[in-house]
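*Asks:* Input protein17.tsv, format and content: TSV, N, CA and C atoms.
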```
chain	number	residue	atom	x	y	z
J	1	MET	N	-18.30	-5.90	53.29
J	1	MET	CA	-17.37	-6.82	53.88
J	1	MET	C	-18.14	-7.97	54.51
J	2	CYS	N	-17.54	-9.12	54.39
J	2	CYS	CA	-18.17	-10.29	54.99
J	2	CYS	C	-17.18	-10.90	55.98
J	3	ASN	N	-17.64	-11.85	56.68
J	3	ASN	CA	-16.81	-12.47	57.71
J	3	ASN	C	-15.77	-13.42	57.12
J	4	ASN	N	-15.92	-13.77	55.90
J	4	ASN	CA	-14.96	-14.65	55.26
J	4	ASN	C	-13.72	-13.82	54.88
J	5	ILE	N	-12.62	-14.09	55.51
J	5	ILE	CA	-11.41	-13.28	55.32
J	5	ILE	C	-10.88	-13.42	53.90
J	6	ARG	N	-10.96	-14.58	53.30
J	6	ARG	CA	-10.48	-14.77	51.94
J	6	ARG	C	-11.28	-13.94	50.93
J	7	ALA	N	-12.53	-13.74	51.18
J	7	ALA	CA	-13.36	-12.97	50.28
J	7	ALA	C	-13.06	-11.47	50.39
J	8	ASN	N	-12.48	-11.04	51.49
J	8	ASN	CA	-12.17	-9.63	51.69
J	8	ASN	C	-10.89	-9.20	50.98
J	9	ILE	N	-10.09	-10.13	50.53
J	9	ILE	CA	-8.83	-9.80	49.88
J	9	ILE	C	-9.12	-9.36	48.45
J	10	LEU	N	-8.64	-8.19	48.10
J	10	LEU	CA	-8.83	-7.67	46.76
J	10	LEU	C	-7.67	-8.12	45.89
J	11	ARG	N	-8.03	-8.62	44.75
J	11	ARG	CA	-7.00	-9.07	43.81
J	11	ARG	C	-7.19	-8.32	42.50
J	12	LYS	N	-6.08	-7.86	41.97
J	12	LYS	CA	-6.10	-7.17	40.69
J	12	LYS	C	-5.84	-8.21	39.60
J	13	GLU	N	-6.76	-8.26	38.64
J	13	GLU	CA	-6.59	-9.20	37.55
J	13	GLU	C	-5.48	-8.72	36.63
J	14	VAL	N	-4.64	-9.65	36.23
J	14	VAL	CA	-3.56	-9.32	35.32
J	14	VAL	C	-4.06	-9.51	33.90
J	15	LYS	N	-4.03	-8.43	33.12
J	15	LYS	CA	-4.48	-8.49	31.74
J	15	LYS	C	-3.28	-8.65	30.84
J	16	LYS	N	-3.44	-9.47	29.83
J	16	LYS	CA	-2.37	-9.62	28.86
J	16	LYS	C	-2.37	-8.41	27.95
J	17	GLU	N	-1.20	-7.82	27.80
J	17	GLU	CA	-1.07	-6.65	26.94
J	17	GLU	C	-0.65	-7.12	25.56
J	18	VAL	N	-1.39	-6.68	24.56
J	18	VAL	CA	-1.09	-7.08	23.19
J	18	VAL	C	-0.03	-6.13	22.64
J	19	VAL	N	1.07	-6.70	22.19
J	19	VAL	CA	2.16	-5.90	21.62
J	19	VAL	C	2.08	-6.02	20.11
J	20	LYS	N	1.96	-4.89	19.44
J	20	LYS	CA	1.89	-4.87	17.99
J	20	LYS	C	3.20	-4.34	17.44
J	21	ASP	N	4.16	-5.24	17.22
J	21	ASP	CA	5.47	-4.85	16.71
J	21	ASP	C	5.51	-4.89	15.19
J	22	LYS	N	4.76	-5.77	14.59
J	22	LYS	CA	4.80	-5.92	13.15
J	22	LYS	C	3.89	-4.90	12.48
J	23	ILE	N	4.27	-4.50	11.29
J	23	ILE	CA	3.45	-3.55	10.53
J	23	ILE	C	2.15	-4.21	10.10
J	24	SER	N	2.20	-5.50	9.82
J	24	SER	CA	1.00	-6.20	9.36
J	24	SER	C	-0.07	-6.29	10.45
J	25	ASP	N	0.30	-6.10	11.72
J	25	ASP	CA	-0.67	-6.10	12.81
J	25	ASP	C	-1.60	-4.89	12.75
J	26	TRP	N	-1.17	-3.84	12.10
J	26	TRP	CA	-1.92	-2.59	12.05
J	26	TRP	C	-2.77	-2.44	10.78
J	27	LEU	N	-2.69	-3.38	9.88
J	27	LEU	CA	-3.46	-3.27	8.64
J	27	LEU	C	-4.94	-3.45	8.92
J	28	GLU	N	-5.75	-2.63	8.29
J	28	GLU	CA	-7.20	-2.70	8.43
J	28	GLU	C	-7.80	-3.09	7.09
J	29	SER	N	-9.04	-3.47	7.11
J	29	SER	CA	-9.68	-3.86	5.85
J	29	SER	C	-10.31	-2.63	5.20
J	30	ARG	N	-9.65	-2.14	4.17
J	30	ARG	CA	-10.13	-0.99	3.40
J	30	ARG	C	-10.04	-1.36	1.93
J	31	PRO	N	-10.88	-0.74	1.11
J	31	PRO	CA	-10.79	-1.02	-0.33
J	31	PRO	C	-9.48	-0.49	-0.92
J	32	ILE	N	-9.00	-1.16	-1.94
J	32	ILE	CA	-7.77	-0.76	-2.61
J	32	ILE	C	-8.09	0.38	-3.58
J	33	ILE	N	-7.30	1.44	-3.53
J	33	ILE	CA	-7.48	2.56	-4.45
J	33	ILE	C	-6.90	2.15	-5.80
J	34	PRO	N	-7.67	2.23	-6.88
J	34	PRO	CA	-7.18	1.78	-8.19
J	34	PRO	C	-5.92	2.49	-8.68
J	35	LYS	N	-5.75	3.78	-8.36
J	35	LYS	CA	-4.57	4.51	-8.79
J	35	LYS	C	-3.31	4.01	-8.09
J	36	ASN	N	-3.45	3.38	-6.92
J	36	ASN	CA	-2.28	2.86	-6.23
J	36	ASN	C	-1.68	1.67	-6.97
J	37	THR	N	-2.49	0.91	-7.67
J	37	THR	CA	-1.98	-0.21	-8.45
J	37	THR	C	-1.04	0.29	-9.54
J	38	THR	N	-1.41	1.37	-10.21
J	38	THR	CA	-0.55	1.98	-11.23
J	38	THR	C	0.71	2.56	-10.61
J	39	ALA	N	0.56	3.22	-9.46
J	39	ALA	CA	1.72	3.81	-8.79
J	39	ALA	C	2.72	2.75	-8.36
J	40	ILE	N	2.23	1.62	-7.87
J	40	ILE	CA	3.12	0.54	-7.43
J	40	ILE	C	3.81	-0.10	-8.63
J	41	ASN	N	3.11	-0.22	-9.75
J	41	ASN	CA	3.73	-0.81	-10.94
J	41	ASN	C	4.79	0.09	-11.55
J	42	LEU	N	4.64	1.41	-11.45
J	42	LEU	CA	5.56	2.36	-12.07
J	42	LEU	C	6.66	2.86	-11.14
J	43	ARG	N	6.65	2.47	-9.89
J	43	ARG	CA	7.62	2.99	-8.93
J	43	ARG	C	9.04	2.55	-9.25
J	44	GLU	N	10.00	3.32	-8.74
J	44	GLU	CA	11.41	2.97	-8.84
J	44	GLU	C	11.85	2.53	-7.46
J	45	ALA	N	12.08	1.23	-7.29
J	45	ALA	CA	12.38	0.69	-5.97
J	45	ALA	C	13.83	0.26	-5.88
J	46	ASP	N	14.43	0.57	-4.74
J	46	ASP	CA	15.77	0.15	-4.41
J	46	ASP	C	15.70	-0.42	-3.00
J	47	LYS	N	16.82	-0.84	-2.45
J	47	LYS	CA	16.81	-1.41	-1.11
J	47	LYS	C	16.37	-0.39	-0.06
J	48	ASP	N	16.90	0.83	-0.14
J	48	ASP	CA	16.61	1.85	0.85
J	48	ASP	C	15.82	3.03	0.31
J	49	LEU	N	15.20	2.88	-0.86
J	49	LEU	CA	14.47	3.99	-1.45
J	49	LEU	C	13.35	3.47	-2.35
J	50	ILE	N	12.17	4.04	-2.17
J	50	ILE	CA	11.06	3.83	-3.10
J	50	ILE	C	10.68	5.22	-3.59
J	51	ASN	N	10.81	5.44	-4.87
J	51	ASN	CA	10.50	6.72	-5.47
J	51	ASN	C	9.37	6.52	-6.48
J	52	TYR	N	8.32	7.32	-6.36
J	52	TYR	CA	7.17	7.19	-7.25
J	52	TYR	C	7.33	8.14	-8.43
J	53	VAL	N	6.94	7.68	-9.61
J	53	VAL	CA	7.07	8.45	-10.83
J	53	VAL	C	6.18	9.68	-10.74
J	54	SER	N	6.68	10.79	-11.28
J	54	SER	CA	5.92	12.03	-11.27
J	54	SER	C	4.58	11.82	-11.98
J	55	GLY	N	3.51	12.23	-11.34
J	55	GLY	CA	2.18	12.06	-11.90
J	55	GLY	C	1.47	10.81	-11.42
J	56	HIS	N	2.20	9.91	-10.74
J	56	HIS	CA	1.60	8.68	-10.22
J	56	HIS	C	2.06	8.42	-8.80
J	57	PRO	N	1.71	9.30	-7.85
J	57	PRO	CA	2.11	9.06	-6.46
J	57	PRO	C	1.20	8.02	-5.80
J	58	LEU	N	1.66	7.49	-4.69
J	58	LEU	CA	0.84	6.59	-3.88
J	58	LEU	C	-0.17	7.44	-3.13
J	59	LYS	N	-1.44	7.06	-3.14
J	59	LYS	CA	-2.48	7.87	-2.50
J	59	LYS	C	-3.01	7.17	-1.27
J	60	LEU	N	-3.26	7.99	-0.25
J	60	LEU	CA	-3.93	7.49	0.94
J	60	LEU	C	-5.42	7.73	0.79
J	61	HIS	N	-6.21	7.22	1.69
J	61	HIS	CA	-7.66	7.30	1.56
J	61	HIS	C	-8.22	8.71	1.78
J	62	ASP	N	-7.45	9.62	2.37
J	62	ASP	CA	-7.92	10.99	2.52
J	62	ASP	C	-7.42	11.91	1.42
J	63	GLY	N	-6.71	11.37	0.43
J	63	GLY	CA	-6.23	12.16	-0.70
J	63	GLY	C	-4.77	12.58	-0.60
J	64	THR	N	-4.12	12.30	0.52
J	64	THR	CA	-2.70	12.63	0.67
J	64	THR	C	-1.88	11.81	-0.32
J	65	ARG	N	-0.87	12.45	-0.92
J	65	ARG	CA	-0.04	11.79	-1.93
J	65	ARG	C	1.36	11.55	-1.38
J	66	ILE	N	1.84	10.32	-1.50
J	66	ILE	CA	3.19	9.95	-1.06
J	66	ILE	C	4.09	9.98	-2.29
J	67	HIS	N	5.20	10.72	-2.21
J	67	HIS	CA	6.12	10.83	-3.34
J	67	HIS	C	7.34	9.95	-3.21
J	68	SER	N	7.83	9.75	-1.99
J	68	SER	CA	8.99	8.86	-1.81
J	68	SER	C	9.05	8.34	-0.39
J	69	ILE	N	9.66	7.17	-0.25
J	69	ILE	CA	9.90	6.54	1.04
J	69	ILE	C	11.37	6.13	1.04
J	70	SER	N	12.12	6.60	2.02
J	70	SER	CA	13.54	6.25	2.09
J	70	SER	C	13.89	5.81	3.51
J	71	ALA	N	14.97	5.05	3.63
J	71	ALA	CA	15.39	4.53	4.93
J	71	ALA	C	16.87	4.80	5.13
J	72	GLU	N	17.22	5.06	6.38
J	72	GLU	CA	18.61	5.27	6.76
J	72	GLU	C	18.85	4.53	8.07
J	73	THR	N	19.90	3.73	8.12
J	73	THR	CA	20.19	2.92	9.29
J	73	THR	C	20.76	3.79	10.41
J	74	ILE	N	20.18	3.67	11.61
J	74	ILE	CA	20.64	4.41	12.77
J	74	ILE	C	21.72	3.60	13.50
J	75	ASP	N	21.38	2.35	13.83
J	75	ASP	CA	22.33	1.44	14.46
J	75	ASP	C	21.98	0.01	14.05
J	76	GLU	N	22.44	-0.98	14.79
J	76	GLU	CA	22.20	-2.37	14.41
J	76	GLU	C	20.75	-2.80	14.54
J	77	VAL	N	19.98	-2.09	15.35
J	77	VAL	CA	18.60	-2.49	15.63
J	77	VAL	C	17.57	-1.64	14.91
J	78	TYR	N	17.81	-0.34	14.79
J	78	TYR	CA	16.80	0.59	14.29
J	78	TYR	C	17.23	1.30	13.02
J	79	LYS	N	16.24	1.78	12.29
J	79	LYS	CA	16.49	2.63	11.13
J	79	LYS	C	15.44	3.74	11.11
J	80	ALA	N	15.80	4.84	10.46
J	80	ALA	CA	14.89	5.98	10.33
J	80	ALA	C	14.28	5.94	8.93
J	81	VAL	N	12.96	5.93	8.86
J	81	VAL	CA	12.25	5.90	7.59
J	81	VAL	C	11.66	7.30	7.35
J	82	THR	N	12.06	7.91	6.24
J	82	THR	CA	11.59	9.25	5.89
J	82	THR	C	10.57	9.15	4.77
J	83	ILE	N	9.44	9.81	4.95
J	83	ILE	CA	8.34	9.77	3.99
J	83	ILE	C	8.08	11.19	3.52
J	84	GLU	N	8.10	11.40	2.20
J	84	GLU	CA	7.84	12.70	1.60
J	84	GLU	C	6.43	12.67	1.03
J	85	TYR	N	5.60	13.63	1.43
J	85	TYR	CA	4.18	13.60	1.05
J	85	TYR	C	3.65	15.01	0.84
J	86	CYS	N	2.48	15.09	0.20
J	86	CYS	CA	1.71	16.33	0.03
J	86	CYS	C	0.28	16.05	0.49
J	87	PHE	N	-0.27	17.00	1.23
J	87	PHE	CA	-1.67	16.87	1.62
J	87	PHE	C	-2.57	17.06	0.41
J	88	HIS	N	-3.82	16.65	0.54
J	88	HIS	CA	-4.80	16.77	-0.54
J	88	HIS	C	-4.98	18.25	-0.92
J	89	LYS	N	-4.93	18.55	-2.21
J	89	LYS	CA	-5.10	19.90	-2.77
J	89	LYS	C	-4.04	20.88	-2.26
J	90	ALA	N	-2.82	20.39	-2.04
J	90	ALA	CA	-1.71	21.25	-1.64
J	90	ALA	C	-0.50	20.90	-2.49
J	91	ASN	N	0.36	21.87	-2.71
J	91	ASN	CA	1.54	21.65	-3.53
J	91	ASN	C	2.82	21.56	-2.70
J	92	LYS	N	2.79	21.99	-1.46
J	92	LYS	CA	3.97	21.99	-0.60
J	92	LYS	C	4.27	20.57	-0.14
J	93	LYS	N	5.51	20.14	-0.34
J	93	LYS	CA	5.92	18.81	0.09
J	93	LYS	C	6.36	18.85	1.54
J	94	ASN	N	5.89	17.91	2.31
J	94	ASN	CA	6.24	17.77	3.72
J	94	ASN	C	7.00	16.46	3.90
J	95	THR	N	7.78	16.38	4.95
J	95	THR	CA	8.46	15.13	5.27
J	95	THR	C	8.20	14.77	6.72
J	96	THR	N	8.16	13.49	6.97
J	96	THR	CA	8.06	12.99	8.33
J	96	THR	C	8.99	11.80	8.46
J	97	THR	N	9.52	11.60	9.65
J	97	THR	CA	10.46	10.52	9.90
J	97	THR	C	9.93	9.67	11.04
J	98	ILE	N	9.95	8.36	10.84
J	98	ILE	CA	9.55	7.43	11.87
J	98	ILE	C	10.70	6.48	12.15
J	99	LYS	N	10.66	5.84	13.30
J	99	LYS	CA	11.70	4.89	13.70
J	99	LYS	C	11.13	3.48	13.59
J	100	ARG	N	11.85	2.61	12.88
J	100	ARG	CA	11.43	1.22	12.71
J	100	ARG	C	12.63	0.31	12.91
J	101	TYR	N	12.36	-1.01	12.94
J	101	TYR	CA	13.43	-1.99	13.06
J	101	TYR	C	14.17	-2.14	11.73
J	102	VAL	N	15.43	-2.55	11.80
J	102	VAL	CA	16.25	-2.69	10.59
J	102	VAL	C	15.68	-3.75	9.66
J	103	ASN	N	15.14	-4.82	10.21
J	103	ASN	CA	14.65	-5.91	9.35
J	103	ASN	C	13.29	-5.63	8.72
J	104	ASP	N	12.66	-4.48	9.03
J	104	ASP	CA	11.40	-4.10	8.38
J	104	ASP	C	11.66	-3.71	6.94
J	105	ASN	N	10.77	-4.09	6.08
J	105	ASN	CA	10.90	-3.87	4.65
J	105	ASN	C	10.14	-2.59	4.26
J	106	LEU	N	10.66	-1.85	3.29
J	106	LEU	CA	9.96	-0.65	2.82
J	106	LEU	C	8.67	-1.00	2.10
J	107	ILE	N	8.59	-2.19	1.53
J	107	ILE	CA	7.37	-2.64	0.86
J	107	ILE	C	6.24	-2.80	1.89
J	108	ASP	N	6.59	-3.26	3.10
J	108	ASP	CA	5.58	-3.38	4.16
J	108	ASP	C	5.07	-2.00	4.58
J	109	ILE	N	5.96	-1.04	4.66
J	109	ILE	CA	5.56	0.32	5.01
J	109	ILE	C	4.70	0.91	3.90
J	110	GLU	N	5.04	0.60	2.66
J	110	GLU	CA	4.24	1.06	1.52
J	110	GLU	C	2.83	0.47	1.57
J	111	SER	N	2.72	-0.81	1.88
J	111	SER	CA	1.39	-1.43	1.96
J	111	SER	C	0.60	-0.87	3.13
J	112	PHE	N	1.28	-0.53	4.23
J	112	PHE	CA	0.60	0.12	5.36
J	112	PHE	C	0.06	1.48	4.95
J	113	LEU	N	0.89	2.25	4.23
J	113	LEU	CA	0.46	3.58	3.80
J	113	LEU	C	-0.69	3.51	2.80
J	114	ALA	N	-0.66	2.54	1.90
J	114	ALA	CA	-1.74	2.39	0.92
J	114	ALA	C	-3.05	2.02	1.61
J	115	ASN	N	-2.94	1.42	2.79
J	115	ASN	CA	-4.12	1.00	3.54
J	115	ASN	C	-4.54	2.05	4.57
J	116	SER	N	-3.75	3.10	4.77
J	116	SER	CA	-4.00	4.09	5.82
J	116	SER	C	-5.09	5.08	5.42
J	117	GLN	N	-5.78	5.57	6.42
J	117	GLN	CA	-6.78	6.62	6.21
J	117	GLN	C	-6.09	7.96	6.05
J	118	SER	N	-5.06	8.23	6.85
J	118	SER	CA	-4.34	9.49	6.75
J	118	SER	C	-2.88	9.28	7.14
J	119	ILE	N	-2.07	10.31	6.90
J	119	ILE	CA	-0.64	10.24	7.21
J	119	ILE	C	-0.41	10.17	8.71
J	120	PHE	N	-1.37	10.60	9.49
J	120	PHE	CA	-1.21	10.61	10.94
J	120	PHE	C	-1.31	9.21	11.55
J	121	GLN	N	-1.69	8.22	10.77
J	121	GLN	CA	-1.70	6.85	11.27
J	121	GLN	C	-0.30	6.28	11.36
J	122	LEU	N	0.70	6.99	10.87
J	122	LEU	CA	2.08	6.53	11.00
J	122	LEU	C	2.50	6.41	12.45
J	123	ARG	N	1.84	7.14	13.34
J	123	ARG	CA	2.20	7.05	14.75
J	123	ARG	C	1.93	5.65	15.30
J	124	ASN	N	1.05	4.88	14.64
J	124	ASN	CA	0.80	3.52	15.08
J	124	ASN	C	2.02	2.62	14.93
J	125	ILE	N	2.79	2.83	13.88
J	125	ILE	CA	3.94	1.97	13.64
J	125	ILE	C	5.26	2.64	14.04
J	126	ASP	N	5.21	3.89	14.50
J	126	ASP	CA	6.42	4.60	14.92
J	126	ASP	C	6.85	4.10	16.29
J	127	LEU	N	8.10	3.67	16.41
J	127	LEU	CA	8.60	3.18	17.69
J	127	LEU	C	8.94	4.31	18.65
J	128	ASN	N	9.08	5.53	18.18
J	128	ASN	CA	9.32	6.68	19.06
J	128	ASN	C	8.05	7.17	19.72
J	129	TYR	N	6.90	6.94	19.10
J	129	TYR	CA	5.62	7.45	19.61
J	129	TYR	C	5.12	6.54	20.71
J	130	LYS	N	4.77	7.13	21.82
J	130	LYS	CA	4.26	6.34	22.96
J	130	LYS	C	2.97	6.90	23.45
```
Once more with this new file: its structure as structure tokens, please.

*Replies:*
Amino acid sequence: MCNNIRANILRKEVKKEVVKDKISDWLESRPIIPKNTTAINLREADKDLINYVSGHPLKLHDGTRIHSISAETIDEVYKAVTIEYCFHKANKKNTTTIKRYVNDNLIDIESFLANSQSIFQLRNIDLNYK
């Protein structure tokens, strides 16, 4: 402590918090898997459903295979996105559901998944996860 009263006052610096609402904010620089190009070309896409042809699933960098991505509207602001996948060297299909904004596109989610290291990175874009 010094005799200067102004110097004795402690001030907390206000840090700007970065909000990552867009899916493109979470994309990292990873090499493109060549099999994903074929999977994207052969997929059956609709407004609320992306279904990959049998034998050509979308692959993540850890070997997880994505078989379908579908969306269901919850209310005016949010929608539930369901992803059906299989882990590497497994045959059992698992599903996970994340919460996203209605104006988010399934193609953006697909590009995020193609760039992901594992299926557990979905928590980055899930609005329910805190």

*Asks:* Padding 4 Å on each side, edges along x, y and z: where is the centre of the box around the listed atoms of range 91-106 of chain J, and how long are its edges in Å to one decimal? Output it as JSON.

*Replies:*
```
{"center_x": 8.3, "center_y": 8.0, "center_z": 5.1, "size_x": 23.9, "size_y": 35.9, "size_z": 25.2}
```

*Asks:* Taking a cut-off of 8 Å and counting all atoms listed in the file, can you build a table that, for each residue of range 1-78 of chain J near range 83-104 of chain J, reports the nearest atom pair and how far apart they are in Å (one decimal), sorted by chain then residue number, as a tab-separated table?

*Replies:*
```
residue	atom	partner	partner_atom	distance
J:Ile23	N	J:Asp104	CA	7.7
J:Asp62	C	J:His88	CA	5.9
J:Gly63	C	J:His88	CA	4.2
J:Thr64	CA	J:His88	N	4.2
J:Arg65	N	J:Cys86	C	4.0
J:Ile66	CA	J:Tyr85	CA	4.3
J:His67	N	J:Glu84	C	4.0
J:Ser68	C	J:Glu84	N	4.1
J:Ile69	CA	J:Ile83	CA	4.6
J:Ser70	N	J:Ile83	N	5.1
J:Ala71	N	J:Ile83	N	7.4
J:Thr73	CA	J:Val102	CA	7.0
J:Ile74	N	J:Val102	CA	7.5
J:Asp75	C	J:Val102	CA	7.2
J:Glu76	C	J:Val102	CA	6.0
J:Val77	C	J:Val102	N	3.9
J:Tyr78	CA	J:Val102	N	4.2
```

*Asks:* So which one's closest to Leu58 in chain J, J:Leu106, J:Leu122, J:Ala45, J:Ile40? Using all atoms listed in the file, please.

*Replies:*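 With all atoms listed in the file as the atom set, the closest residue is J:Ile40.
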
*Asks:* May I have the residues within 7 Å of range 107-109 of chain J as a PyMOL selection string, using only N, CA and C atoms and disregarding those fewer than 4 positions away in the same chain?

*Replies:* chain J and resi 23-24+113-114

*Asks:* Can you check which residues of chain J DSSP gives as alpha helix (DSSP H) on the backbone and send them as a PyMOL selection string?

*Replies:* chain J and resi 5-8+34-42+106-115

*Asks:* Using only N, CA and C atoms for the distances, tell me which of J:His56, J:Val81, J:Ser111, J:Leu127 is nearest to Arg43 in chain J.

*Replies:* J:His56

*Asks:* Check range 1-124 of chain J with DSSP on the backbone and list each residue it calls strand (DSSP E), as a ChimeraX atom specification.

*Replies:* /J:44-45,49-51,58-59,65-73,78-86,94-101

*Asks:* One number please: atom N of Lys22 in chain J to atom C of Phe120 in chain J, in Å, one decimal.

*Replies:*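 So the two atoms, atom N of Lys22 in chain J and atom C of Phe120 in chain J, lie 16.4 Å apart.
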
*Asks:* Of the candidates J:Arg123, J:Lys79, J:Arg11, J:Lys59, which one gets nearest to Asn36 in chain J if we count all atoms listed in the file?

*Replies:*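 Using all atoms listed in the file, Asn36 in chain J sits closest to J:Lys59.
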
*Asks:* Find the spatial neighbours of Glu28 in chain J, counting only N, CA and C atoms, within a cut-off of 8 Å - ignore same-chain residues fewer than 4 positions away - and output them as a PyMOL selection string.

*Replies:* chain J and resi 24+112+115-116

*Asks:* N, CA, C and O atoms for range 30-48 of chain J, written as a compact mmCIF listing (two decimals), in the coordinates of the input, could you do that?

*Replies:*
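Heads up, here's the output in rebuild.txt:
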```txt
# COMPACT_ATOMS: atom_id res chain seq x y z
N ARG J 30 -9.65 -2.14 4.17
CA ARG J 30 -10.13 -0.99 3.40
C ARG J 30 -10.04 -1.36 1.93
O ARG J 30 -9.22 -2.17 1.53
N PRO J 31 -10.88 -0.74 1.11
CA PRO J 31 -10.79 -1.02 -0.33
C PRO J 31 -9.48 -0.49 -0.92
O PRO J 31 -8.92 0.50 -0.45
N ILE J 32 -9.00 -1.16 -1.94
CA ILE J 32 -7.77 -0.76 -2.61
C ILE J 32 -8.09 0.38 -3.58
O ILE J 32 -9.04 0.29 -4.36
N ILE J 33 -7.30 1.44 -3.53
CA ILE J 33 -7.48 2.56 -4.45
C ILE J 33 -6.90 2.15 -5.80
O ILE J 33 -5.74 1.73 -5.87
N PRO J 34 -7.67 2.23 -6.88
CA PRO J 34 -7.18 1.78 -8.19
C PRO J 34 -5.92 2.49 -8.68
O PRO J 34 -5.07 1.88 -9.33
N LYS J 35 -5.75 3.78 -8.36
CA LYS J 35 -4.57 4.51 -8.79
C LYS J 35 -3.31 4.01 -8.09
O LYS J 35 -2.21 4.20 -8.61
N ASN J 36 -3.45 3.38 -6.92
CA ASN J 36 -2.28 2.86 -6.23
C ASN J 36 -1.68 1.67 -6.97
O ASN J 36 -0.47 1.44 -6.90
N THR J 37 -2.49 0.91 -7.67
CA THR J 37 -1.98 -0.21 -8.45
C THR J 37 -1.04 0.29 -9.54
O THR J 37 0.05 -0.27 -9.74
N THR J 38 -1.41 1.37 -10.21
CA THR J 38 -0.55 1.98 -11.23
C THR J 38 0.71 2.56 -10.61
O THR J 38 1.80 2.39 -11.14
N ALA J 39 0.56 3.22 -9.46
CA ALA J 39 1.72 3.81 -8.79
C ALA J 39 2.72 2.75 -8.36
O ALA J 39 3.93 2.94 -8.49
N ILE J 40 2.23 1.62 -7.87
CA ILE J 40 3.12 0.54 -7.43
C ILE J 40 3.81 -0.10 -8.63
O ILE J 40 4.99 -0.46 -8.56
N ASN J 41 3.11 -0.22 -9.75
CA ASN J 41 3.73 -0.81 -10.94
C ASN J 41 4.79 0.09 -11.55
O ASN J 41 5.76 -0.40 -12.13
N LEU J 42 4.64 1.41 -11.45
CA LEU J 42 5.56 2.36 -12.07
C LEU J 42 6.66 2.86 -11.14
O LEU J 42 7.52 3.62 -11.57
N ARG J 43 6.65 2.47 -9.89
CA ARG J 43 7.62 2.99 -8.93
C ARG J 43 9.04 2.55 -9.25
O ARG J 43 9.26 1.53 -9.92
N GLU J 44 10.00 3.32 -8.74
CA GLU J 44 11.41 2.97 -8.84
C GLU J 44 11.85 2.53 -7.46
O GLU J 44 11.99 3.35 -6.55
N ALA J 45 12.08 1.23 -7.29
CA ALA J 45 12.38 0.69 -5.97
C ALA J 45 13.83 0.26 -5.88
O ALA J 45 14.40 -0.31 -6.81
N ASP J 46 14.43 0.57 -4.74
CA ASP J 46 15.77 0.15 -4.41
C ASP J 46 15.70 -0.42 -3.00
O ASP J 46 14.63 -0.45 -2.39
N LYS J 47 16.82 -0.84 -2.45
CA LYS J 47 16.81 -1.41 -1.11
C LYS J 47 16.37 -0.39 -0.06
O LYS J 47 15.57 -0.69 0.81
N ASP J 48 16.90 0.83 -0.14
CA ASP J 48 16.61 1.85 0.85
C ASP J 48 15.82 3.03 0.31
O ASP J 48 15.79 4.09 0.92
```
